[in-house]
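Structure data (compact mmCIF, N, CA and C atoms) from upload_39.txt:
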# COMPACT_ATOMS: atom_id res chain seq x y z
N MET O 4 42.76 -40.98 -43.61
CA MET O 4 42.67 -39.96 -44.62
C MET O 4 41.36 -40.13 -45.39
N SER O 5 40.71 -39.06 -45.67
CA SER O 5 39.42 -39.12 -46.34
C SER O 5 39.57 -39.44 -47.83
N GLU O 6 38.47 -39.80 -48.43
CA GLU O 6 38.46 -40.11 -49.86
C GLU O 6 38.88 -38.89 -50.68
N LYS O 7 38.47 -37.72 -50.24
CA LYS O 7 38.80 -36.49 -50.95
C LYS O 7 40.32 -36.27 -50.97
N GLU O 8 40.96 -36.49 -49.85
CA GLU O 8 42.41 -36.31 -49.76
C GLU O 8 43.15 -37.35 -50.59
N LYS O 9 42.59 -38.57 -50.65
CA LYS O 9 43.20 -39.61 -51.48
C LYS O 9 43.09 -39.25 -52.95
N ARG O 10 41.95 -38.70 -53.35
CA ARG O 10 41.78 -38.26 -54.73
C ARG O 10 42.74 -37.13 -55.07
N LYS O 11 42.98 -36.25 -54.10
CA LYS O 11 43.92 -35.15 -54.30
C LYS O 11 45.34 -35.69 -54.51
N ALA O 12 45.71 -36.70 -53.72
CA ALA O 12 47.02 -37.34 -53.87
C ALA O 12 47.12 -38.02 -55.23
N LEU O 13 46.04 -38.58 -55.69
CA LEU O 13 46.00 -39.23 -57.00
C LEU O 13 46.20 -38.20 -58.12
N GLU O 14 45.63 -37.01 -57.95
CA GLU O 14 45.83 -35.94 -58.93
C GLU O 14 47.28 -35.46 -58.96
N LYS O 15 47.92 -35.45 -57.80
CA LYS O 15 49.32 -35.02 -57.74
C LYS O 15 50.25 -36.00 -58.47
N PHE O 16 49.76 -37.21 -58.68
CA PHE O 16 50.56 -38.22 -59.37
C PHE O 16 50.83 -37.83 -60.82
N ASN O 17 50.06 -36.88 -61.35
CA ASN O 17 50.24 -36.43 -62.73
C ASN O 17 51.61 -35.81 -62.96
N VAL O 18 52.30 -35.42 -61.91
CA VAL O 18 53.65 -34.84 -62.02
C VAL O 18 54.59 -35.81 -62.73
N TYR O 19 54.37 -37.09 -62.53
CA TYR O 19 55.29 -38.10 -63.06
C TYR O 19 55.01 -38.45 -64.52
N LYS O 20 53.99 -37.84 -65.09
CA LYS O 20 53.60 -38.13 -66.47
C LYS O 20 54.73 -37.83 -67.46
N LYS O 21 55.46 -36.75 -67.23
CA LYS O 21 56.49 -36.35 -68.19
C LYS O 21 57.78 -37.18 -68.06
N TYR O 22 57.89 -37.98 -67.02
CA TYR O 22 59.10 -38.79 -66.82
C TYR O 22 58.92 -40.24 -67.27
N LEU O 23 57.70 -40.62 -67.59
CA LEU O 23 57.41 -42.01 -67.96
C LEU O 23 56.74 -42.06 -69.33
N LEU O 24 56.87 -43.20 -69.98
CA LEU O 24 56.11 -43.43 -71.20
C LEU O 24 54.64 -43.54 -70.83
N LYS O 25 53.77 -43.35 -71.81
CA LYS O 25 52.33 -43.36 -71.54
C LYS O 25 51.89 -44.67 -70.90
N GLU O 26 52.37 -45.77 -71.45
CA GLU O 26 52.00 -47.09 -70.92
C GLU O 26 52.53 -47.28 -69.49
N GLU O 27 53.77 -46.88 -69.27
CA GLU O 27 54.36 -46.99 -67.93
C GLU O 27 53.59 -46.12 -66.93
N TYR O 28 53.21 -44.94 -67.38
CA TYR O 28 52.47 -44.03 -66.50
C TYR O 28 51.13 -44.63 -66.09
N LEU O 29 50.41 -45.19 -67.05
CA LEU O 29 49.09 -45.75 -66.75
C LEU O 29 49.18 -46.94 -65.79
N ILE O 30 50.18 -47.79 -66.01
CA ILE O 30 50.36 -48.95 -65.12
C ILE O 30 50.75 -48.49 -63.72
N SER O 31 51.69 -47.56 -63.65
CA SER O 31 52.14 -47.08 -62.33
C SER O 31 51.03 -46.32 -61.61
N LYS O 32 50.18 -45.62 -62.35
CA LYS O 32 49.06 -44.92 -61.71
C LYS O 32 48.08 -45.92 -61.12
N LYS O 33 47.87 -47.02 -61.83
CA LYS O 33 46.97 -48.05 -61.32
C LYS O 33 47.55 -48.68 -60.03
N ILE O 34 48.84 -48.96 -60.03
CA ILE O 34 49.50 -49.52 -58.85
C ILE O 34 49.42 -48.52 -57.69
N PHE O 35 49.66 -47.25 -57.99
CA PHE O 35 49.59 -46.20 -56.97
C PHE O 35 48.19 -46.12 -56.37
N GLU O 36 47.19 -46.22 -57.22
CA GLU O 36 45.81 -46.17 -56.76
C GLU O 36 45.51 -47.35 -55.83
N GLU O 37 46.02 -48.52 -56.17
CA GLU O 37 45.83 -49.69 -55.31
C GLU O 37 46.49 -49.48 -53.96
N LEU O 38 47.72 -48.96 -53.97
CA LEU O 38 48.43 -48.69 -52.71
C LEU O 38 47.67 -47.66 -51.88
N LEU O 39 47.18 -46.67 -52.55
CA LEU O 39 46.50 -45.57 -51.88
C LEU O 39 45.26 -46.03 -51.12
N PHE O 40 44.50 -46.93 -51.73
CA PHE O 40 43.24 -47.34 -51.14
C PHE O 40 43.32 -48.63 -50.33
N LYS O 41 44.41 -49.39 -50.45
CA LYS O 41 44.53 -50.64 -49.70
C LYS O 41 45.38 -50.52 -48.45
N GLU O 42 46.48 -49.79 -48.54
CA GLU O 42 47.43 -49.73 -47.43
C GLU O 42 46.90 -48.86 -46.30
N ILE O 43 47.15 -49.31 -45.10
CA ILE O 43 46.79 -48.56 -43.90
C ILE O 43 48.05 -47.86 -43.40
N VAL O 44 47.95 -46.56 -43.26
CA VAL O 44 49.10 -45.74 -42.87
C VAL O 44 48.75 -44.97 -41.61
N SER O 45 49.73 -44.85 -40.70
CA SER O 45 49.48 -44.09 -39.47
C SER O 45 49.31 -42.60 -39.80
N LYS O 46 48.64 -41.88 -38.92
CA LYS O 46 48.38 -40.46 -39.14
C LYS O 46 49.67 -39.66 -39.33
N ASP O 47 50.72 -40.05 -38.63
CA ASP O 47 51.98 -39.31 -38.70
C ASP O 47 52.65 -39.43 -40.06
N ASN O 48 52.40 -40.52 -40.76
CA ASN O 48 53.10 -40.77 -42.02
C ASN O 48 52.25 -40.62 -43.27
N ILE O 49 51.03 -40.19 -43.11
CA ILE O 49 50.11 -40.15 -44.25
C ILE O 49 50.65 -39.29 -45.40
N ILE O 50 50.98 -38.06 -45.13
CA ILE O 50 51.42 -37.15 -46.20
C ILE O 50 52.70 -37.67 -46.85
N HIS O 51 53.64 -38.11 -46.05
CA HIS O 51 54.90 -38.61 -46.58
C HIS O 51 54.68 -39.84 -47.47
N CYS O 52 53.86 -40.75 -47.02
CA CYS O 52 53.59 -41.97 -47.79
C CYS O 52 52.84 -41.67 -49.08
N TYR O 53 51.79 -40.86 -48.98
CA TYR O 53 50.95 -40.60 -50.15
C TYR O 53 51.64 -39.72 -51.19
N ASN O 54 52.52 -38.83 -50.77
CA ASN O 54 53.16 -37.92 -51.72
C ASN O 54 54.52 -38.37 -52.21
N ARG O 55 55.22 -39.22 -51.46
CA ARG O 55 56.58 -39.60 -51.86
C ARG O 55 56.79 -41.10 -51.97
N ILE O 56 56.44 -41.83 -50.94
CA ILE O 56 56.78 -43.26 -50.91
C ILE O 56 55.93 -44.07 -51.88
N PHE O 57 54.62 -43.94 -51.81
CA PHE O 57 53.75 -44.75 -52.67
C PHE O 57 53.97 -44.47 -54.16
N PRO O 58 54.13 -43.20 -54.58
CA PRO O 58 54.40 -42.99 -56.01
C PRO O 58 55.68 -43.66 -56.48
N MET O 59 56.72 -43.60 -55.65
CA MET O 59 57.99 -44.21 -56.05
C MET O 59 57.90 -45.74 -56.08
N ILE O 60 57.14 -46.32 -55.16
CA ILE O 60 56.93 -47.77 -55.17
C ILE O 60 56.20 -48.17 -56.45
N ALA O 61 55.18 -47.42 -56.82
CA ALA O 61 54.40 -47.72 -58.02
C ALA O 61 55.27 -47.62 -59.27
N ILE O 62 56.07 -46.58 -59.35
CA ILE O 62 56.95 -46.41 -60.51
C ILE O 62 57.99 -47.51 -60.56
N TYR O 63 58.58 -47.84 -59.42
CA TYR O 63 59.59 -48.90 -59.38
C TYR O 63 59.01 -50.24 -59.82
N LYS O 64 57.82 -50.58 -59.32
CA LYS O 64 57.19 -51.85 -59.70
C LYS O 64 56.91 -51.90 -61.20
N THR O 65 56.46 -50.79 -61.75
CA THR O 65 56.17 -50.73 -63.18
C THR O 65 57.44 -50.92 -64.00
N LEU O 66 58.48 -50.21 -63.64
CA LEU O 66 59.73 -50.29 -64.41
C LEU O 66 60.40 -51.65 -64.23
N LYS O 67 60.22 -52.24 -63.07
CA LYS O 67 60.80 -53.56 -62.83
C LYS O 67 60.16 -54.62 -63.73
N GLU O 68 58.86 -54.50 -63.96
CA GLU O 68 58.17 -55.43 -64.86
C GLU O 68 58.65 -55.27 -66.30
N LYS O 69 59.04 -54.06 -66.67
CA LYS O 69 59.49 -53.78 -68.03
C LYS O 69 60.95 -54.18 -68.25
N GLU O 70 61.62 -54.65 -67.20
CA GLU O 70 63.02 -55.06 -67.23
C GLU O 70 63.95 -53.93 -67.68
N ILE O 71 63.63 -52.73 -67.26
CA ILE O 71 64.48 -51.57 -67.48
C ILE O 71 65.32 -51.42 -66.21
N ASP O 72 66.36 -50.62 -66.26
CA ASP O 72 67.15 -50.37 -65.05
C ASP O 72 66.28 -49.57 -64.09
N SER O 73 65.39 -50.28 -63.42
CA SER O 73 64.31 -49.66 -62.66
C SER O 73 64.78 -48.84 -61.46
N LEU O 74 65.74 -49.34 -60.73
CA LEU O 74 66.18 -48.62 -59.53
C LEU O 74 66.83 -47.29 -59.89
N GLU O 75 67.67 -47.31 -60.91
CA GLU O 75 68.33 -46.08 -61.32
C GLU O 75 67.34 -45.06 -61.88
N LYS O 76 66.43 -45.51 -62.72
CA LYS O 76 65.45 -44.60 -63.30
C LYS O 76 64.51 -44.04 -62.23
N THR O 77 64.10 -44.88 -61.28
CA THR O 77 63.25 -44.42 -60.18
C THR O 77 63.98 -43.37 -59.35
N GLY O 78 65.27 -43.61 -59.10
CA GLY O 78 66.07 -42.63 -58.36
C GLY O 78 66.17 -41.31 -59.10
N ASN O 79 66.34 -41.37 -60.41
CA ASN O 79 66.41 -40.14 -61.21
C ASN O 79 65.09 -39.38 -61.17
N ILE O 80 63.99 -40.10 -61.26
CA ILE O 80 62.68 -39.45 -61.20
C ILE O 80 62.46 -38.80 -59.84
N PHE O 81 62.87 -39.50 -58.77
CA PHE O 81 62.74 -38.93 -57.42
C PHE O 81 63.57 -37.66 -57.30
N ASN O 82 64.80 -37.70 -57.82
CA ASN O 82 65.65 -36.51 -57.76
C ASN O 82 65.03 -35.34 -58.51
N GLU O 83 64.50 -35.61 -59.70
CA GLU O 83 63.91 -34.55 -60.51
C GLU O 83 62.66 -33.95 -59.89
N THR O 84 61.87 -34.76 -59.22
CA THR O 84 60.59 -34.27 -58.69
C THR O 84 60.65 -33.81 -57.24
N GLU O 85 61.54 -34.37 -56.45
CA GLU O 85 61.56 -34.07 -55.02
C GLU O 85 62.82 -33.33 -54.57
N VAL O 86 63.98 -33.79 -54.96
CA VAL O 86 65.23 -33.26 -54.42
C VAL O 86 65.61 -31.93 -55.07
N TYR O 87 65.70 -31.89 -56.39
CA TYR O 87 66.18 -30.69 -57.07
C TYR O 87 65.31 -29.46 -56.84
N PRO O 88 63.98 -29.58 -56.88
CA PRO O 88 63.17 -28.38 -56.60
C PRO O 88 63.38 -27.82 -55.19
N ARG O 89 63.54 -28.70 -54.21
CA ARG O 89 63.77 -28.23 -52.84
C ARG O 89 65.16 -27.60 -52.69
N ALA O 90 66.15 -28.19 -53.35
CA ALA O 90 67.50 -27.64 -53.30
C ALA O 90 67.54 -26.26 -53.96
N LYS O 91 66.83 -26.13 -55.07
CA LYS O 91 66.75 -24.85 -55.77
C LYS O 91 66.12 -23.78 -54.87
N PHE O 92 65.05 -24.16 -54.17
CA PHE O 92 64.40 -23.25 -53.24
C PHE O 92 65.34 -22.83 -52.11
N LEU O 93 66.07 -23.79 -51.55
CA LEU O 93 67.00 -23.48 -50.47
C LEU O 93 68.13 -22.56 -50.93
N ARG O 94 68.61 -22.77 -52.15
CA ARG O 94 69.65 -21.88 -52.69
C ARG O 94 69.14 -20.45 -52.77
N LYS O 95 67.90 -20.27 -53.21
CA LYS O 95 67.32 -18.92 -53.29
C LYS O 95 67.20 -18.31 -51.90
N ILE O 96 66.72 -19.08 -50.95
CA ILE O 96 66.54 -18.58 -49.58
C ILE O 96 67.88 -18.19 -48.97
N MET O 97 68.90 -18.99 -49.21
CA MET O 97 70.20 -18.73 -48.58
C MET O 97 70.90 -17.50 -49.17
N LYS O 98 70.38 -16.95 -50.24
CA LYS O 98 70.95 -15.73 -50.81
C LYS O 98 70.50 -14.49 -50.04
N ILE O 99 69.51 -14.62 -49.19
CA ILE O 99 69.06 -13.49 -48.37
C ILE O 99 70.17 -13.17 -47.37
N PRO O 100 70.56 -11.92 -47.30
CA PRO O 100 71.67 -11.56 -46.40
C PRO O 100 71.39 -11.94 -44.95
N TYR O 101 72.38 -12.53 -44.33
CA TYR O 101 72.39 -12.91 -42.93
C TYR O 101 71.38 -13.99 -42.55
N ILE O 102 70.78 -14.63 -43.51
CA ILE O 102 69.82 -15.71 -43.21
C ILE O 102 70.53 -16.90 -42.58
N TYR O 103 71.80 -17.08 -42.94
CA TYR O 103 72.55 -18.20 -42.41
C TYR O 103 72.71 -18.12 -40.89
N LEU O 104 72.56 -16.93 -40.34
CA LEU O 104 72.64 -16.78 -38.88
C LEU O 104 71.37 -17.34 -38.20
N LEU O 105 70.26 -17.33 -38.92
CA LEU O 105 69.02 -17.83 -38.37
C LEU O 105 68.89 -19.34 -38.51
N VAL O 106 69.59 -19.92 -39.49
CA VAL O 106 69.50 -21.36 -39.75
C VAL O 106 70.79 -22.02 -39.29
N PRO O 107 70.75 -22.66 -38.13
CA PRO O 107 71.98 -23.29 -37.62
C PRO O 107 72.35 -24.53 -38.43
Could you write out this structure as structure tokens?
Amino acid sequence: MSEKEKRKALEKFNVYKKYLLKEEYLISKKIFEELLFKEIVSKDNIIHCYNRIFPMIAIYKTLKEKEIDSLEKTGNIFNETEVYPRAKFLRKIMKIPYIYLLVP
């Protein structure tokens, strides 16, 4: 992945700003940046790792250092940013008449 794409992934990390305290956000962003530029990822997994896995690892590590219930809070943040928006989108799509016939 090019430097430009890595910078773009770093900008997308701003989504998590509203779920973390300012200090937690800055620490997790630094950890995310380290993961982004140090880890070698296969071409097939680049988007998944840079957009979902690495941000959650960074947030979990940050919260774990703070001795907060890190796993639960990380799970809640993942649900709020990844799961619920997609579920909401699918609910809207499934309201289209007869769409369920196209989606097995």
> Expressed in Å to a single decimal, how great is the separation between atom CA of Val86 of chain O and atom CA of Ala61 of chain O?
Replying inline: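 These two atoms are separated by 18.4 Å.
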> So how many Å separate atom C of Phe92 of chain O and atom N of Arg10 of chain O, to one decimal?
Replying inline: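 Interatomic distance, atom C of Phe92 of chain O to atom N of Arg10 of chain O: 28.3 Å.
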>> Under the rule that all atoms listed in the file are counted, which of O:Val18, O:Ile62, O:Ile56, O:Leu105 is the nearest residue to Lys32 of chain O?
In response: O:Ile62
> So which residues touch Ile30 of chain O within 6.5 Å, counting all atoms listed in the file, skipping near sequence neighbours fewer than 4 positions away, as a list in words?
Replying inline: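 Non-adjacent residues within range: Lys25, Glu26, Ile34, Phe35, Ala61 and Thr65 of chain O.
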> When you draw a straight line from atom CA of Leu66 of chain O to atom CA of Glu27 of chain O, how long is it in Å?
Replying inline: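 Going from atom CA of Leu66 of chain O over to atom CA of Glu27 of chain O, I get 7.2 Å.
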> List as a ChimeraX atom specification: which residues have an atom within 10 Å of (57.5, -34.1, -61.1), counting only C-alpha atoms?
Replying inline: /O:15-22,80-85,88
> Which residue, O:Ile96, O:Ala90, O:Leu74, O:Ile50, has the smallest gap to Lys9 of chain O when you use only C-alpha atoms?
Replying inline: O:Ile50
>> as a PyMOL selection string, please: every residue in chain O that DSSP puts in helix (DSSP H, G or I).
In response: chain O and resi 6-22+25-41+46-68+73-97+102-104
>> Given only C-alpha atoms as the basis, pick out the residue of O:Ile71, O:Ile99, O:Met59, O:Leu39 nearest to Ser5 of chain O.
In response: O:Leu39
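Take the candidates O:Glu36, O:Glu68, O:Asp47, O:Glu75 and check each one against Lys11 of chain O using only C-alpha atoms; the shortest distance goes to O:Glu36.
Minimum atom-to-atom distances from O:Ile43, O:Lys91, O:Leu23, O:Leu13 to Ser73 of chain O were compared using only C-alpha atoms, and the lowest value belongs to O:Leu23.
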>> My list of candidates is O:Asn79, O:Arg94, O:Tyr63, O:Lys46. Which is closest to Tyr28 of chain O when distances are computed with only C-alpha atoms?
In response: O:Tyr63
Could you give me the centre and size, in Å to one decimal, of an axis-aligned box around all listed atoms of segment 36-40 of chain O with 4 Å added on every side, as JSON?
{"center_x": 45.8, "center_y": -47.6, "center_z": -53.8, "size_x": 13.2, "size_y": 12.1, "size_z": 14.9}
